[in-house]
Amino acid sequence: MGNQVDSTLTGVPRTMLLTTRARVEEHQRENGLFRDPKVAEWWQFVQWDAELDRFYSSIAALAWAVRAERIDRAAQRHLTSHPNAIAIELGAGLSTRYYRVGQGSRYWLELDLPEITALRRQLDTETDSHRFIARSVLDFSWMNEIPTGDPENLLVIAEGLLMYLEADRVRDFVYQLRDRFPGATLVFDVFGASPKSRGAKQLAQLGAPLKWFVKDEQEVAAMGLSLVQVLSLLQENCQYRDRIGVFRWISWISKLPPLRNASLIIEAKVRPLS
């Protein structure tokens, strides 16, 4: 691999470049939250979209890095407690979580739209245990690709994905999981902000409008999920006071529901259909 790959993207897939750059820069930091040499290797061959400069900031990059690292922790816990673990990342983009924490899994699957999976295939190598699936998350036939086994072993990761789906589609997704994989672990993030928030307006300008907002985690649990852990991304960001600059004051009020619930990282168990 010696040439740049075609990373011209539109709509929601385009946001992948923002989060990928954040991980590259986190890897390069002397005191970074994680090491990610694989994404740094790939980044040499990915062309940055200069129009995204106005959507990228140090605060946003920190939030994306913190989200990735907290989901890494959840994945590590699952792999440690399930020797036959199977993981699937939905809307995987150019995720390198497999290389950071996932190589102890029995199988690790990466699912994304065909154009994103084609990009991954130019950078990554598929193996018997690390597989790529070119499909929409809403084409539930991907569930047939999950190797057979105890659903308790299954870890489903949806990082930066479900908020782009209509609420009814999210409910369909959870219903299908409950029907097919009761007892599986689902790790994902949700937005509690409104379509009028600054971040939502920026994403809409990118052609990637947010569609699913929740009041709090209880709204998520009501879909048939048992909450295991809920983290406020804002509160997690506030742990890095040396990196949030003038936003240090937010830590004092981050327990207020509108701020606490602006972005949540949720780990949950999939309940069986009753």
# chains A, B, ... in the order shown; residues from 1 in each chain; ligands from 1
$ residues_around --residues "A:Met223" --least-positions-apart "5" --cutoff "8 Å" --atoms "only C-alpha atoms" --output "list in words"
Arg171, Val174 and Tyr175 of chain A
$ write_last_selection --atoms "N, CA, C and O atoms" --output "short mmCIF file (atom, residue, chain, number, x, y, z; two decimals), in the first residue's frame"
data_model
loop_
_atom_site.label_atom_id
_atom_site.label_comp_id
_atom_site.auth_asym_id
_atom_site.auth_seq_id
_atom_site.Cartn_x
_atom_site.Cartn_y
_atom_site.Cartn_z
N ARG A 171 -35.81 1.83 17.33
CA ARG A 171 -36.65 0.86 18.04
C ARG A 171 -36.70 -0.47 17.28
O ARG A 171 -36.67 -1.55 17.89
N VAL A 174 -33.41 -2.31 18.02
CA VAL A 174 -33.38 -2.92 19.35
C VAL A 174 -34.32 -4.12 19.41
O VAL A 174 -33.98 -5.16 19.99
N TYR A 175 -35.47 -4.03 18.76
CA TYR A 175 -36.39 -5.15 18.72
C TYR A 175 -35.73 -6.37 18.08
O TYR A 175 -35.85 -7.50 18.58
#
$ residues_around --residues "A:Arg23" --least-positions-apart "2" --cutoff "9 Å" --atoms "only C-alpha atoms" --output "PyMOL selection string"
chain A and resi 18-21+25-28+34-36+39-40+61+64-65+68
$ select_by_dssp --residues "stretch 162-261 of chain A" --states "helix (DSSP H, G or I)" --output "MDAnalysis selection string"
chainID A and resid 162:164 167:180 198:205 217:221 233:237 245:252 257:260
$ atom_distance --atom1 "atom CA of A:Glu152" --atom2 "atom CA of A:Glu219"
23.4 Å
$ closest_atom_pairs --of "stretch 14-106 of chain A" --to "stretch 224-234 of chain A" --cutoff "9 Å" --atoms "only C-alpha atoms" --output "tab-separated table"
residue	atom	partner	partner_atom	distance
A:Ala63	CA	A:Leu233	CA	7.1
A:Val66	CA	A:Leu233	CA	7.6
A:Arg67	CA	A:Leu233	CA	6.9
A:Arg70	CA	A:Leu231	CA	8.7
$ residues_around --residues "stretch 123-138 of chain A" --least-positions-apart "6" --cutoff "7 Å" --atoms "only C-alpha atoms" --output "list in words"
Trp42, Leu90, Arg106, Tyr107, Trp108, Leu109, Glu110, Leu111, Asp112, Leu113, Pro114 and Thr117 of chain A
$ select_by_dssp --residues "stretch 55-269 of chain A" --states "strand (DSSP E)" --output "MDAnalysis selection string"
chainID A and resid 86:90 107:112 130:134 154:158 185:191 225:232 263:269
$ closest_atom_pairs --of "stretch 73-93 of chain A" --to "stretch 101-105 of chain A" --cutoff "10 Å" --atoms "only C-alpha atoms" --output "JSON lines"
{"residue": "A:Arg73", "atom": "CA", "partner": "A:Val101", "partner_atom": "CA", "distance": 8.5}
{"residue": "A:Ala75", "atom": "CA", "partner": "A:Val101", "partner_atom": "CA", "distance": 7.3}
{"residue": "A:Gln76", "atom": "CA", "partner": "A:Val101", "partner_atom": "CA", "distance": 6.3}
{"residue": "A:His78", "atom": "CA", "partner": "A:Ser105", "partner_atom": "CA", "distance": 9.5}
{"residue": "A:Leu79", "atom": "CA", "partner": "A:Ser105", "partner_atom": "CA", "distance": 6.3}
{"residue": "A:Thr80", "atom": "CA", "partner": "A:Gly104", "partner_atom": "CA", "distance": 8.6}
{"residue": "A:His82", "atom": "CA", "partner": "A:Ser105", "partner_atom": "CA", "distance": 8.7}
{"residue": "A:Pro83", "atom": "CA", "partner": "A:Ser105", "partner_atom": "CA", "distance": 7.4}
{"residue": "A:Asn84", "atom": "CA", "partner": "A:Ser105", "partner_atom": "CA", "distance": 6.7}
{"residue": "A:Ala85", "atom": "CA", "partner": "A:Ser105", "partner_atom": "CA", "distance": 5.2}
{"residue": "A:Ile86", "atom": "CA", "partner": "A:Ser105", "partner_atom": "CA", "distance": 6.0}
{"residue": "A:Ala87", "atom": "CA", "partner": "A:Ser105", "partner_atom": "CA", "distance": 7.2}
$ write_last_selection --atoms "N, CA and C atoms" --output "PDB file, in the first residue's frame"
ATOM      1  N   ARG A  73     -12.900   0.623  27.008  1.00  0.00           N
ATOM      2  CA  ARG A  73     -12.953   0.009  28.345  1.00  0.00           C
ATOM      3  C   ARG A  73     -14.098  -0.992  28.433  1.00  0.00           C
ATOM      4  N   ALA A  75     -15.461  -2.617  25.980  1.00  0.00           N
ATOM      5  CA  ALA A  75     -15.104  -3.770  25.149  1.00  0.00           C
ATOM      6  C   ALA A  75     -14.114  -4.668  25.888  1.00  0.00           C
ATOM      7  N   GLN A  76     -13.151  -4.073  26.547  1.00  0.00           N
ATOM      8  CA  GLN A  76     -12.166  -4.867  27.292  1.00  0.00           C
ATOM      9  C   GLN A  76     -12.826  -5.660  28.406  1.00  0.00           C
ATOM     10  N   HIS A  78     -15.875  -6.754  28.468  1.00  0.00           N
ATOM     11  CA  HIS A  78     -16.634  -7.855  27.864  1.00  0.00           C
ATOM     12  C   HIS A  78     -15.702  -8.988  27.449  1.00  0.00           C
ATOM     13  N   LEU A  79     -14.595  -8.653  26.815  1.00  0.00           N
ATOM     14  CA  LEU A  79     -13.662  -9.685  26.363  1.00  0.00           C
ATOM     15  C   LEU A  79     -13.045 -10.426  27.540  1.00  0.00           C
ATOM     16  N   THR A  80     -12.803  -9.733  28.620  1.00  0.00           N
ATOM     17  CA  THR A  80     -12.210 -10.363  29.801  1.00  0.00           C
ATOM     18  C   THR A  80     -13.175 -11.349  30.441  1.00  0.00           C
ATOM     19  N   HIS A  82     -15.784 -12.825  28.901  1.00  0.00           N
ATOM     20  CA  HIS A  82     -16.352 -13.786  27.948  1.00  0.00           C
ATOM     21  C   HIS A  82     -15.234 -14.340  27.063  1.00  0.00           C
ATOM     22  N   PRO A  83     -14.655 -15.466  27.433  1.00  0.00           N
ATOM     23  CA  PRO A  83     -13.529 -16.030  26.667  1.00  0.00           C
ATOM     24  C   PRO A  83     -13.854 -16.333  25.205  1.00  0.00           C
ATOM     25  N   ASN A  84     -15.138 -16.569  24.904  1.00  0.00           N
ATOM     26  CA  ASN A  84     -15.549 -16.839  23.526  1.00  0.00           C
ATOM     27  C   ASN A  84     -16.242 -15.629  22.905  1.00  0.00           C
ATOM     28  N   ALA A  85     -15.796 -14.451  23.259  1.00  0.00           N
ATOM     29  CA  ALA A  85     -16.467 -13.220  22.853  1.00  0.00           C
ATOM     30  C   ALA A  85     -16.482 -13.041  21.339  1.00  0.00           C
ATOM     31  N   ILE A  86     -17.621 -12.542  20.873  1.00  0.00           N
ATOM     32  CA  ILE A  86     -17.792 -12.117  19.489  1.00  0.00           C
ATOM     33  C   ILE A  86     -18.195 -10.648  19.537  1.00  0.00           C
ATOM     34  N   ALA A  87     -17.526  -9.811  18.770  1.00  0.00           N
ATOM     35  CA  ALA A  87     -17.845  -8.380  18.750  1.00  0.00           C
ATOM     36  C   ALA A  87     -18.174  -7.955  17.334  1.00  0.00           C
TER      37      ALA A  87
END
$ atom_distance --atom1 "atom CA of A:Met143" --atom2 "atom CA of A:Asp168"
18.8 Å
$ atom_distance --atom1 "atom CA of A:Tyr240" --atom2 "atom CA of A:Val24"
18.3 Å
$ residues_around --residues "stretch 208-214 of chain A" --least-positions-apart "2" --cutoff "7 Å" --atoms "only C-alpha atoms" --output "mmCIF file with all heavy atoms, in the first residue's frame"
data_model
loop_
_atom_site.group_PDB
_atom_site.id
_atom_site.type_symbol
_atom_site.label_atom_id
_atom_site.label_comp_id
_atom_site.auth_asym_id
_atom_site.auth_seq_id
_atom_site.Cartn_x
_atom_site.Cartn_y
_atom_site.Cartn_z
ATOM 1 N N GLY A 11 -22.434 13.083 3.228
ATOM 2 C CA GLY A 11 -23.418 12.696 4.233
ATOM 3 C C GLY A 11 -22.786 12.191 5.519
ATOM 4 O O GLY A 11 -21.687 12.600 5.908
ATOM 5 N N VAL A 12 -23.472 11.260 6.173
ATOM 6 C CA VAL A 12 -23.002 10.730 7.452
ATOM 7 C C VAL A 12 -21.609 10.098 7.341
ATOM 8 O O VAL A 12 -20.764 10.310 8.221
ATOM 9 C CB VAL A 12 -24.026 9.723 8.027
ATOM 10 C CG1 VAL A 12 -23.482 9.072 9.295
ATOM 11 C CG2 VAL A 12 -25.349 10.424 8.337
ATOM 12 N N MET A 163 -27.744 8.003 16.559
ATOM 13 C CA MET A 163 -28.360 9.341 16.531
ATOM 14 C C MET A 163 -28.665 9.822 15.118
ATOM 15 O O MET A 163 -29.413 10.773 14.924
ATOM 16 C CB MET A 163 -27.477 10.359 17.257
ATOM 17 C CG MET A 163 -26.128 10.601 16.638
ATOM 18 S SD MET A 163 -24.923 9.278 16.988
ATOM 19 C CE MET A 163 -24.746 9.427 18.759
ATOM 20 N N TYR A 164 -28.119 9.142 14.119
ATOM 21 C CA TYR A 164 -28.392 9.500 12.730
ATOM 22 C C TYR A 164 -29.616 8.763 12.176
ATOM 23 O O TYR A 164 -29.987 8.974 11.009
ATOM 24 C CB TYR A 164 -27.187 9.199 11.848
ATOM 25 C CG TYR A 164 -25.984 10.066 12.170
ATOM 26 C CD1 TYR A 164 -24.870 9.529 12.802
ATOM 27 C CD2 TYR A 164 -25.964 11.419 11.842
ATOM 28 C CE1 TYR A 164 -23.756 10.317 13.100
ATOM 29 C CE2 TYR A 164 -24.859 12.212 12.132
ATOM 30 C CZ TYR A 164 -23.769 11.649 12.766
ATOM 31 O OH TYR A 164 -22.678 12.438 13.060
ATOM 32 N N LEU A 165 -30.217 7.900 12.986
ATOM 33 C CA LEU A 165 -31.371 7.122 12.548
ATOM 34 C C LEU A 165 -32.653 7.708 13.136
ATOM 35 O O LEU A 165 -32.648 8.266 14.229
ATOM 36 C CB LEU A 165 -31.235 5.661 12.999
ATOM 37 C CG LEU A 165 -29.951 4.922 12.616
ATOM 38 C CD1 LEU A 165 -30.015 3.495 13.138
ATOM 39 C CD2 LEU A 165 -29.723 4.947 11.120
ATOM 40 N N GLU A 166 -33.751 7.538 12.419
ATOM 41 C CA GLU A 166 -35.048 7.935 12.960
ATOM 42 C C GLU A 166 -35.364 7.086 14.201
ATOM 43 O O GLU A 166 -34.955 5.921 14.281
ATOM 44 C CB GLU A 166 -36.149 7.742 11.915
ATOM 45 C CG GLU A 166 -35.980 8.560 10.641
ATOM 46 C CD GLU A 166 -36.341 10.028 10.834
ATOM 47 O OE1 GLU A 166 -36.805 10.384 11.944
ATOM 48 O OE2 GLU A 166 -36.165 10.803 9.878
ATOM 49 N N ALA A 167 -36.116 7.654 15.140
ATOM 50 C CA ALA A 167 -36.425 6.957 16.389
ATOM 51 C C ALA A 167 -37.079 5.596 16.134
ATOM 52 O O ALA A 167 -36.770 4.606 16.809
ATOM 53 C CB ALA A 167 -37.322 7.824 17.266
ATOM 54 N N VAL A 190 -25.767 8.244 22.820
ATOM 55 C CA VAL A 190 -27.002 8.936 22.449
ATOM 56 C C VAL A 190 -26.823 10.426 22.693
ATOM 57 O O VAL A 190 -25.979 10.845 23.492
ATOM 58 C CB VAL A 190 -28.214 8.415 23.257
ATOM 59 C CG1 VAL A 190 -28.460 6.945 22.993
ATOM 60 C CG2 VAL A 190 -28.021 8.652 24.755
ATOM 61 N N PHE A 191 -27.635 11.212 22.011
ATOM 62 C CA PHE A 191 -27.631 12.659 22.198
ATOM 63 C C PHE A 191 -28.906 13.090 22.904
ATOM 64 O O PHE A 191 -30.002 12.648 22.550
ATOM 65 C CB PHE A 191 -27.540 13.373 20.843
ATOM 66 C CG PHE A 191 -26.144 13.455 20.278
ATOM 67 C CD1 PHE A 191 -25.064 12.870 20.909
ATOM 68 C CD2 PHE A 191 -25.920 14.134 19.094
ATOM 69 C CE1 PHE A 191 -23.788 12.946 20.388
ATOM 70 C CE2 PHE A 191 -24.642 14.233 18.549
ATOM 71 C CZ PHE A 191 -23.575 13.635 19.208
ATOM 72 N N GLY A 192 -28.756 13.951 23.878
ATOM 73 C CA GLY A 192 -29.908 14.516 24.568
ATOM 74 C C GLY A 192 -30.154 15.950 24.159
ATOM 75 O O GLY A 192 -31.146 16.554 24.560
ATOM 76 N N ALA A 193 -29.228 16.519 23.390
ATOM 77 C CA ALA A 193 -29.409 17.892 22.924
ATOM 78 C C ALA A 193 -30.517 17.928 21.869
ATOM 79 O O ALA A 193 -31.045 16.897 21.455
ATOM 80 C CB ALA A 193 -28.101 18.428 22.350
ATOM 81 N N SER A 194 -30.855 19.108 21.431
ATOM 82 C CA SER A 194 -31.947 19.253 20.465
ATOM 83 C C SER A 194 -31.393 19.519 19.072
ATOM 84 O O SER A 194 -30.215 19.838 18.909
ATOM 85 C CB SER A 194 -32.844 20.426 20.881
ATOM 86 O OG SER A 194 -32.221 21.657 20.556
ATOM 87 N N PRO A 195 -32.270 19.407 18.052
ATOM 88 C CA PRO A 195 -31.821 19.730 16.692
ATOM 89 C C PRO A 195 -31.356 21.178 16.548
ATOM 90 O O PRO A 195 -30.709 21.522 15.560
ATOM 91 C CB PRO A 195 -33.073 19.466 15.852
ATOM 92 C CG PRO A 195 -33.920 18.553 16.672
ATOM 93 C CD PRO A 195 -33.652 18.923 18.088
ATOM 94 N N ALA A 200 -25.673 20.062 16.493
ATOM 95 C CA ALA A 200 -26.654 19.491 15.566
ATOM 96 C C ALA A 200 -26.756 20.336 14.299
ATOM 97 O O ALA A 200 -26.870 19.804 13.186
ATOM 98 C CB ALA A 200 -28.012 19.390 16.248
ATOM 99 N N LEU A 203 -23.720 19.571 12.072
ATOM 100 C CA LEU A 203 -23.833 18.287 11.389
ATOM 101 C C LEU A 203 -24.858 18.364 10.254
ATOM 102 O O LEU A 203 -24.671 17.752 9.198
ATOM 103 C CB LEU A 203 -24.200 17.189 12.390
ATOM 104 C CG LEU A 203 -23.052 16.776 13.311
ATOM 105 C CD1 LEU A 203 -23.564 15.976 14.493
ATOM 106 C CD2 LEU A 203 -22.008 15.975 12.543
ATOM 107 N N ALA A 204 -25.920 19.108 10.457
ATOM 108 C CA ALA A 204 -26.903 19.282 9.390
ATOM 109 C C ALA A 204 -26.265 19.994 8.192
ATOM 110 O O ALA A 204 -26.539 19.654 7.036
ATOM 111 C CB ALA A 204 -28.098 20.073 9.911
ATOM 112 N N LEU A 206 -23.315 19.669 7.286
ATOM 113 C CA LEU A 206 -22.469 18.663 6.645
ATOM 114 C C LEU A 206 -23.280 17.653 5.840
ATOM 115 O O LEU A 206 -22.712 16.763 5.211
ATOM 116 C CB LEU A 206 -21.667 17.899 7.704
ATOM 117 C CG LEU A 206 -20.305 18.450 8.121
ATOM 118 C CD1 LEU A 206 -19.716 17.602 9.230
ATOM 119 C CD2 LEU A 206 -19.368 18.491 6.934
ATOM 120 N N ASP A 216 -33.315 11.095 28.504
ATOM 121 C CA ASP A 216 -32.316 10.522 29.404
ATOM 122 C C ASP A 216 -32.242 9.024 29.138
ATOM 123 O O ASP A 216 -32.923 8.499 28.250
ATOM 124 C CB ASP A 216 -32.639 10.802 30.882
ATOM 125 C CG ASP A 216 -34.033 10.331 31.291
ATOM 126 O OD1 ASP A 216 -34.506 9.294 30.757
ATOM 127 O OD2 ASP A 216 -34.659 10.976 32.140
ATOM 128 N N GLU A 219 -35.367 6.583 28.897
ATOM 129 C CA GLU A 219 -36.066 6.481 27.620
ATOM 130 C C GLU A 219 -35.481 5.349 26.782
ATOM 131 O O GLU A 219 -36.189 4.650 26.060
ATOM 132 C CB GLU A 219 -35.958 7.817 26.880
ATOM 133 C CG GLU A 219 -36.766 7.899 25.611
ATOM 134 C CD GLU A 219 -36.700 9.278 24.979
ATOM 135 O OE1 GLU A 219 -36.570 10.277 25.721
ATOM 136 O OE2 GLU A 219 -36.758 9.351 23.740
#
